[in-house]
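Listing of run.txt; format and content: compact mmCIF, C-alpha atoms (C1' of nucleotides).
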```txt
# COMPACT_ATOMS: atom_id res chain seq x y z
CA MET A 188 137.13 41.47 -110.87
CA PRO A 189 139.69 44.16 -111.20
CA GLU A 190 138.23 47.08 -113.04
CA LEU A 191 140.25 50.21 -113.65
CA PRO A 192 139.76 51.66 -110.14
CA GLU A 193 141.07 48.53 -108.51
CA VAL A 194 144.07 48.41 -110.84
CA GLU A 195 144.79 52.07 -110.08
CA THR A 196 144.49 51.45 -106.34
CA THR A 197 146.77 48.44 -106.61
CA LEU A 198 149.30 50.49 -108.56
CA ARG A 199 149.34 53.21 -105.91
CA GLY A 200 149.66 50.63 -103.17
CA ILE A 201 152.63 48.76 -104.59
CA THR A 202 154.55 51.63 -106.20
CA PRO A 203 156.42 52.88 -103.10
CA HIS A 204 157.48 49.31 -102.28
CA LEU A 205 159.02 48.76 -105.71
CA VAL A 206 160.49 51.98 -107.08
CA ASP A 207 164.27 52.21 -106.61
CA HIS A 208 164.38 48.65 -105.30
CA GLN A 209 166.46 45.86 -106.77
CA ILE A 210 165.17 42.49 -107.94
CA VAL A 211 167.12 39.66 -106.33
CA ALA A 212 164.99 36.78 -107.62
CA VAL A 213 162.00 35.96 -109.80
CA VAL A 214 159.87 32.97 -108.80
CA ILE A 215 157.53 31.35 -111.33
CA ARG A 216 155.42 28.62 -109.73
CA ASN A 217 152.96 28.26 -112.59
CA PRO A 218 153.73 29.97 -115.90
CA LYS A 219 150.38 29.08 -117.45
CA LEU A 220 148.48 32.35 -117.43
CA ARG A 221 146.66 33.78 -120.45
CA TRP A 222 150.03 33.63 -122.15
CA PRO A 223 153.04 31.77 -120.68
CA ILE A 224 155.21 33.78 -118.30
CA PRO A 225 158.61 34.09 -120.06
CA ASN A 226 160.91 31.49 -118.50
CA ASN A 227 163.98 33.74 -118.74
CA LEU A 228 162.57 36.47 -116.49
CA ASP A 229 164.90 35.64 -113.62
CA ALA A 230 167.95 36.06 -115.84
CA LEU A 231 166.46 39.25 -117.30
CA LEU A 232 165.61 40.91 -114.01
CA HIS A 233 168.18 39.64 -111.52
CA GLY A 234 170.05 42.63 -110.13
CA GLN A 235 167.93 45.16 -112.01
CA VAL A 236 166.38 48.18 -110.30
CA VAL A 237 162.73 49.20 -110.71
CA ARG A 238 162.70 52.70 -112.17
CA GLY A 239 158.96 53.38 -112.15
CA LEU A 240 155.40 52.10 -112.36
CA GLN A 241 152.56 53.21 -114.58
CA ARG A 242 149.08 52.12 -115.52
CA ARG A 243 147.82 51.93 -119.12
CA ALA A 244 144.23 50.72 -119.41
CA LYS A 245 144.16 47.83 -116.93
CA TYR A 246 147.81 46.96 -117.49
CA ILE A 247 150.41 47.65 -114.80
CA LEU A 248 153.77 48.57 -116.33
CA ILE A 249 156.95 48.13 -114.30
CA THR A 250 159.83 49.97 -115.91
CA PHE A 251 163.47 48.86 -115.85
CA ASP A 252 166.49 50.32 -117.61
CA HIS A 253 166.37 47.67 -120.34
CA GLY A 254 162.63 47.02 -120.76
CA THR A 255 159.19 46.83 -119.19
CA LEU A 256 157.38 44.14 -117.25
CA ILE A 257 153.70 44.16 -118.25
CA LEU A 258 151.19 42.78 -115.74
CA HIS A 259 147.47 42.22 -116.19
CA LEU A 260 145.19 40.95 -113.44
CA GLY A 261 142.65 39.36 -115.76
CA MET A 262 139.40 38.60 -113.99
CA SER A 263 140.64 37.33 -110.67
CA GLY A 264 144.19 38.57 -110.19
CA SER A 265 145.57 40.47 -107.23
CA LEU A 266 148.98 41.78 -106.22
CA ARG A 267 150.35 41.97 -102.72
CA ILE A 268 153.50 43.09 -100.98
CA LEU A 269 154.60 40.47 -98.44
CA PRO A 270 157.66 39.66 -96.34
CA VAL A 271 160.11 37.26 -97.94
CA GLY A 272 159.41 33.80 -96.57
CA THR A 273 155.63 34.12 -96.61
CA LEU A 274 154.35 30.73 -97.74
CA PRO A 275 152.62 30.82 -101.14
CA GLN A 276 149.03 29.68 -101.34
CA LYS A 277 147.30 27.67 -104.00
CA HIS A 278 146.97 30.28 -106.75
CA ASP A 279 150.10 32.33 -106.04
CA HIS A 280 151.83 31.95 -109.40
CA PHE A 281 154.54 34.59 -109.49
CA ASP A 282 156.88 36.57 -107.17
CA LEU A 283 159.29 39.43 -107.66
CA VAL A 284 161.71 39.24 -104.71
CA LEU A 285 163.31 42.51 -103.62
CA GLU A 286 166.62 43.21 -101.90
CA ASP A 287 164.95 44.73 -98.81
CA GLY A 288 163.14 41.58 -97.67
CA GLU A 289 159.82 42.22 -99.36
CA LEU A 290 158.27 40.58 -102.39
CA LEU A 291 155.53 41.33 -104.89
CA ARG A 292 153.23 38.33 -105.25
CA LEU A 293 150.67 37.70 -108.00
CA ARG A 294 147.65 35.59 -107.13
CA ASP A 295 145.29 34.68 -109.96
CA PRO A 296 142.93 31.71 -109.44
CA ARG A 297 141.38 31.85 -112.91
CA ARG A 298 144.69 32.56 -114.66
CA PHE A 299 143.35 35.02 -117.21
CA GLY A 300 146.03 37.47 -116.17
CA ALA A 301 149.41 38.02 -117.77
CA VAL A 302 153.08 38.63 -117.01
CA LEU A 303 154.98 39.72 -120.10
CA TRP A 304 158.34 41.28 -120.92
CA HIS A 305 158.78 43.98 -123.53
CA THR A 306 161.95 45.65 -124.80
CA GLY A 307 161.69 49.13 -126.29
CA GLU A 308 158.79 51.54 -126.38
CA VAL A 309 156.11 49.90 -124.24
CA ALA A 310 153.28 51.79 -125.95
CA GLN A 311 154.16 49.87 -129.09
CA HIS A 312 153.61 46.48 -127.54
CA PRO A 313 150.91 44.71 -129.59
CA LEU A 314 148.56 44.63 -126.59
CA LEU A 315 148.88 48.38 -126.01
CA ALA A 316 149.38 49.84 -129.48
CA ALA A 317 145.73 49.91 -130.56
CA LEU A 318 144.16 51.03 -127.29
CA GLY A 319 141.90 54.06 -127.13
CA PRO A 320 142.39 57.03 -124.80
CA GLU A 321 142.37 56.82 -121.02
CA PRO A 322 138.91 57.72 -119.69
CA LEU A 323 140.34 60.07 -117.06
CA GLN A 324 142.50 62.03 -119.49
CA GLN A 325 141.32 65.18 -121.21
CA ASP A 326 141.41 63.71 -124.71
CA PHE A 327 138.46 61.54 -123.75
CA ASP A 328 135.47 63.86 -123.70
CA GLY A 329 131.98 64.28 -125.13
CA GLU A 330 133.21 65.55 -128.49
CA TYR A 331 135.50 62.57 -128.87
CA LEU A 332 132.73 60.16 -127.87
CA HIS A 333 130.29 61.80 -130.29
CA ARG A 334 132.75 61.86 -133.17
CA THR A 335 133.82 58.24 -132.77
CA THR A 336 130.30 56.84 -132.41
CA ARG A 337 128.80 58.30 -135.60
CA THR A 338 129.53 55.08 -137.50
CA ARG A 339 128.69 52.74 -134.65
CA SER A 340 125.34 51.00 -134.79
CA ALA A 341 126.08 48.73 -131.82
CA VAL A 342 124.40 49.46 -128.51
CA ILE A 343 126.04 52.21 -126.47
CA LYS A 344 126.93 49.94 -123.56
CA GLN A 345 128.95 47.63 -125.81
CA VAL A 346 130.64 50.59 -127.45
CA ILE A 347 131.87 52.24 -124.24
CA MET A 348 133.29 48.85 -123.22
CA ASP A 349 135.29 48.66 -126.47
CA SER A 350 138.94 49.25 -125.56
CA HIS A 351 139.69 50.61 -129.02
CA LEU A 352 137.34 53.50 -128.29
CA VAL A 353 138.15 54.11 -124.62
CA VAL A 354 139.96 51.85 -122.18
CA GLY A 355 139.14 50.75 -118.67
CA VAL A 356 135.33 50.78 -118.71
CA GLY A 357 134.29 47.31 -117.55
CA ASN A 358 130.83 45.90 -117.02
CA ILE A 359 130.24 47.40 -113.57
CA TYR A 360 131.15 50.97 -114.47
CA ALA A 361 129.51 50.84 -117.90
CA ASN A 362 126.24 50.06 -116.12
CA GLU A 363 126.77 52.69 -113.45
CA ALA A 364 127.84 55.42 -115.87
CA LEU A 365 124.83 54.86 -118.13
CA PHE A 366 122.51 55.05 -115.14
CA ARG A 367 124.08 58.28 -113.99
CA ALA A 368 123.84 59.71 -117.52
CA LYS A 369 120.19 58.58 -117.74
CA ILE A 370 120.88 56.69 -120.97
CA ARG A 371 119.34 53.32 -121.93
CA PRO A 372 122.09 50.75 -122.43
CA GLN A 373 120.47 49.37 -125.58
CA LEU A 374 120.42 52.67 -127.46
CA ALA A 375 122.37 52.53 -130.74
CA ALA A 376 125.57 54.52 -130.17
CA HIS A 377 125.19 56.73 -133.25
CA LYS A 378 121.83 57.96 -132.03
CA LEU A 379 123.30 59.78 -129.04
CA SER A 380 123.32 63.55 -129.40
CA LEU A 381 126.42 65.60 -128.60
CA PRO A 382 124.98 66.80 -125.27
CA ARG A 383 124.22 63.23 -124.25
CA CYS A 384 127.73 62.15 -125.27
CA GLN A 385 129.11 64.97 -123.12
CA LYS A 386 127.00 63.84 -120.20
CA LEU A 387 128.07 60.23 -120.66
CA ALA A 388 131.78 61.04 -120.91
CA GLN A 389 131.48 63.11 -117.74
CA CYS A 390 129.64 60.32 -115.92
CA ILE A 391 132.23 57.73 -116.92
CA LYS A 392 134.92 59.95 -115.41
CA GLU A 393 132.87 60.49 -112.25
CA VAL A 394 132.08 56.86 -111.51
CA LEU A 395 135.69 55.83 -112.06
CA LEU A 396 137.12 58.70 -109.99
CA GLU A 397 134.73 58.07 -107.12
CA ALA A 398 135.59 54.37 -107.12
CA ILE A 399 139.30 55.18 -107.06
CA GLU A 400 138.74 57.48 -104.10
CA GLN A 401 136.77 54.81 -102.31
CA GLY A 402 139.42 52.24 -103.12
CA GLY A 403 142.05 54.49 -101.69
CA SER A 404 140.23 54.75 -98.40
CA THR A 405 138.96 51.19 -98.02
CA LEU A 406 142.09 49.51 -99.28
CA ARG A 407 144.70 51.71 -97.69
CA ASP A 408 146.36 48.67 -96.13
CA PHE A 409 145.52 46.21 -98.89
CA VAL A 410 149.16 45.57 -99.53
CA HIS A 411 149.54 43.60 -96.33
CA SER A 412 146.01 42.38 -96.00
CA ASP A 413 143.88 39.79 -97.64
CA GLY A 414 143.62 41.52 -100.95
CA SER A 415 140.34 42.50 -102.48
CA SER A 416 138.13 42.10 -99.42
CA GLY A 417 135.90 45.08 -98.94
CA TYR A 418 136.74 46.85 -102.14
CA PHE A 419 133.67 45.85 -104.07
CA GLN A 420 131.29 46.28 -101.17
CA GLN A 421 130.68 49.82 -102.32
CA SER A 422 127.06 50.38 -103.12
CA TYR A 423 126.01 50.54 -106.75
CA PHE A 424 122.97 52.20 -108.26
CA VAL A 425 122.14 49.43 -110.70
CA TYR A 426 124.89 46.79 -110.93
CA GLY A 427 123.74 43.52 -109.38
CA ARG A 428 120.48 45.07 -108.14
CA THR A 429 117.99 43.13 -110.31
CA GLY A 430 114.45 43.60 -109.02
CA LYS A 431 115.50 45.94 -106.22
CA PRO A 432 114.03 49.43 -106.14
CA CYS A 433 115.90 52.12 -108.06
CA ARG A 434 117.64 54.35 -105.54
CA VAL A 435 116.28 57.40 -107.36
CA CYS A 436 112.68 56.54 -108.32
CA GLY A 437 111.88 53.17 -106.72
CA THR A 438 111.16 51.34 -109.99
CA PRO A 439 112.51 47.76 -109.89
CA ILE A 440 115.88 47.49 -111.62
CA LYS A 441 115.71 45.48 -114.83
CA GLN A 442 118.34 42.98 -115.96
CA VAL A 443 118.91 42.05 -119.59
CA ARG A 444 121.60 40.29 -121.57
CA GLN A 445 123.84 42.22 -123.96
CA GLY A 446 126.67 40.46 -125.72
CA GLN A 447 126.93 37.67 -123.14
CA ARG A 448 127.09 40.22 -120.30
CA SER A 449 124.50 41.27 -117.77
CA THR A 450 123.12 44.76 -118.13
CA PHE A 451 121.22 46.48 -115.33
CA TYR A 452 119.14 49.62 -115.75
CA CYS A 453 116.13 51.58 -114.61
CA LEU A 454 113.25 51.74 -117.09
CA GLN A 455 112.03 54.98 -115.55
CA CYS A 456 115.29 56.91 -115.15
CA GLN A 457 117.09 55.84 -118.32
CA LYS A 458 115.70 56.76 -121.74
C1' DA B 435 124.71 23.25 -114.43
C1' DA B 436 124.77 27.90 -115.19
C1' DT B 437 126.85 32.12 -114.19
C1' DC B 438 130.36 35.55 -113.69
C1' DT B 439 134.61 37.96 -114.84
C1' DT B 440 138.45 40.32 -119.26
C1' DT B 441 139.84 40.79 -123.66
C1' DC B 442 141.70 38.79 -127.78
C1' DC B 443 140.56 36.34 -131.87
C1' DT B 444 137.78 34.43 -135.72
C1' DG B 445 134.39 34.67 -138.98
C1' DC B 446 130.80 37.10 -141.06
C1' DC B 447 128.30 41.17 -142.74
C1' DG B 448 127.28 45.37 -145.45
C1' DG B 449 129.07 49.37 -147.85
C1' DC B 450 131.87 51.38 -151.26
C1' DT C 243 135.40 41.51 -156.65
C1' DG C 244 138.27 43.01 -152.86
C1' DC C 245 138.96 45.58 -148.99
C1' DC C 246 137.67 47.36 -144.59
C1' DG C 247 135.29 48.75 -140.40
C1' DG C 248 132.20 47.03 -137.52
C1' DC C 249 129.97 43.45 -134.93
C1' DA C 250 128.57 38.90 -132.68
C1' DG C 251 130.11 34.94 -130.65
C1' DG C 252 133.64 31.94 -128.68
C1' DA C 253 137.45 30.86 -125.80
C1' DA C 254 140.36 30.52 -121.58
C1' DA C 255 139.83 28.70 -115.34
C1' DG C 256 137.79 28.27 -111.19
C1' DA C 257 134.52 29.55 -107.46
C1' DT C 258 129.93 29.50 -106.26
```

What is this file in structure tokens?
Amino acid sequence: MPELPEVETTLRGITPHLVDHQIVAVVIRNPKLRWPIPNNLDALLHGQVVRGLQRRAKYILITFDHGTLILHLGMSGSLRILPVGTLPQKHDHFDLVLEDGELLRLRDPRRFGAVLWHTGEVAQHPLLAALGPEPLQQDFDGEYLHRTTRTRSAVIKQVIMDSHLVVGVGNIYANEALFRAKIRPQLAAHKLSLPRCQKLAQCIKEVLLEAIEQGGSTLRDFVHSDGSSGYFQQSYFVYGRTGKPCRVCGTPIKQVRQGQRSTFYCLQCQK
DNA sequence: AATCTTTCCTGCCGGC
DNA sequence: TGCCGGCAGGAAAGAT
């Protein structure tokens, strides 16, 4: 379940192992992800040097002189740095082998992830071109949220999870941010006042930043370890806590269904 | 068997 | 009537 904080933590973990290193082989064991992994990647990348890594939304972008490798972890993907020769396990679909004896390995049991190649300006890739602002950047703020929700009659939780409006807010952090902002998830987006939009934008930033910090401390050695273990053991205020007492007021946490997703909230704290 | 996860796509709606 | 933004629902795989 990689949400933005886990993608950011992964990016920070793998970056020093990749930047300035040369690709000596690309291994595709199963190309059938959300879209097929291009079968000419080995020819494209052999001998090329990684120039940099970035994150855009939940995409990891690996920059080369002649193009960009775009990775997405989907719902179940993880990336690890391992010594060359480490035996692949069942869902290890893709490796980038480096000249220094390490490799980057993608594991993705549910195969909703992606490995794509793009030449030219990566921001213009069809998957990236229409994305909204990054939640942690300054151009995402209460004024922006207020302005862009005036025409939106959908419920606020759905709207903050819309990647055209703002990227990187998945189900867990949408629930947590709304709790922190004391806003009912089923409120129509256009009914939120400017002050409440400001509060919500701030809370989205806070929950994501705190999760990134926690990821950084709990997953410091994730690169060589068993992947996601531990990361999502952080304690939530509402997510997954149906029927348990609200950590603020004690009222049992309610669970409802919104757009095929579970929503958790406190009837007392959120209005 | 239902549920959970991400995000793109299709089809439909109402407003102008 | 045609266009468009907005919105709901569906789809993908596998573990539990």

Can you tell me which residues surround Val342 of chain A at a distance of at most 10 Å, considering only C-alpha atoms (C1' of nucleotides), apart from same-chain residues fewer than 5 positions away, and format the answer as a PyMOL selection string? chain A and resi 347+371-378+445-446

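Counting from atom CA of Gly254 of chain A, the distance to atom CA of Pro275 of chain A is 27.3 Å.
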
Dump as a PyMOL selection string the residues of chain C that approach chain A to within 9 Å, counting all atoms listed in the file. chain C and resi 248-251+254-257

Residues of chain A that have any atom at most 10 Å from an atom of chain B: could you tabulate them with the shortest-distance atom pair and the distance in Å to one decimal, using all atoms listed in the file, ordered by chain and increasing number, as CSV?
```
residue,atom,partner,partner_atom,distance
A:Met188,CA,B:DT439,C1',5.9
A:Pro189,CA,B:DT439,C1',8.8
A:Glu190,CA,B:DT440,C1',9.2
A:Lys245,CA,B:DT440,C1',9.7
A:His259,CA,B:DT440,C1',9.7
A:Leu260,CA,B:DT440,C1',8.9
A:Gly261,CA,B:DT440,C1',5.6
A:Met262,CA,B:DT439,C1',4.9
A:Ser263,CA,B:DT439,C1',7.4
A:Arg297,CA,B:DT439,C1',9.3
A:Phe299,CA,B:DT440,C1',7.5
A:Gly300,CA,B:DT440,C1',8.7
A:Leu314,CA,B:DC442,C1',9.1
A:Asp349,CA,B:DT441,C1',9.5
A:Ser350,CA,B:DT441,C1',8.7
A:Gly357,CA,B:DT440,C1',8.3
A:Asn358,CA,B:DT439,C1',9.1
A:Arg448,CA,B:DC438,C1',8.7
A:Ser449,CA,B:DC438,C1',9.1
```

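Atom CA of Val425 of chain A lies 9.8 Å from atom CA of Pro439 of chain A.
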
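The two atoms in question, atom CA of Gly200 of chain A and atom CA of Lys392 of chain A, are spaced 21.3 Å apart.
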
Might you pull out every residue within 9 Å of Tyr331 of chain A, with all atoms listed in the file counted and same-chain residues fewer than 6 positions away left off, and present them as a PyMOL selection string? chain A and resi 384-385+388
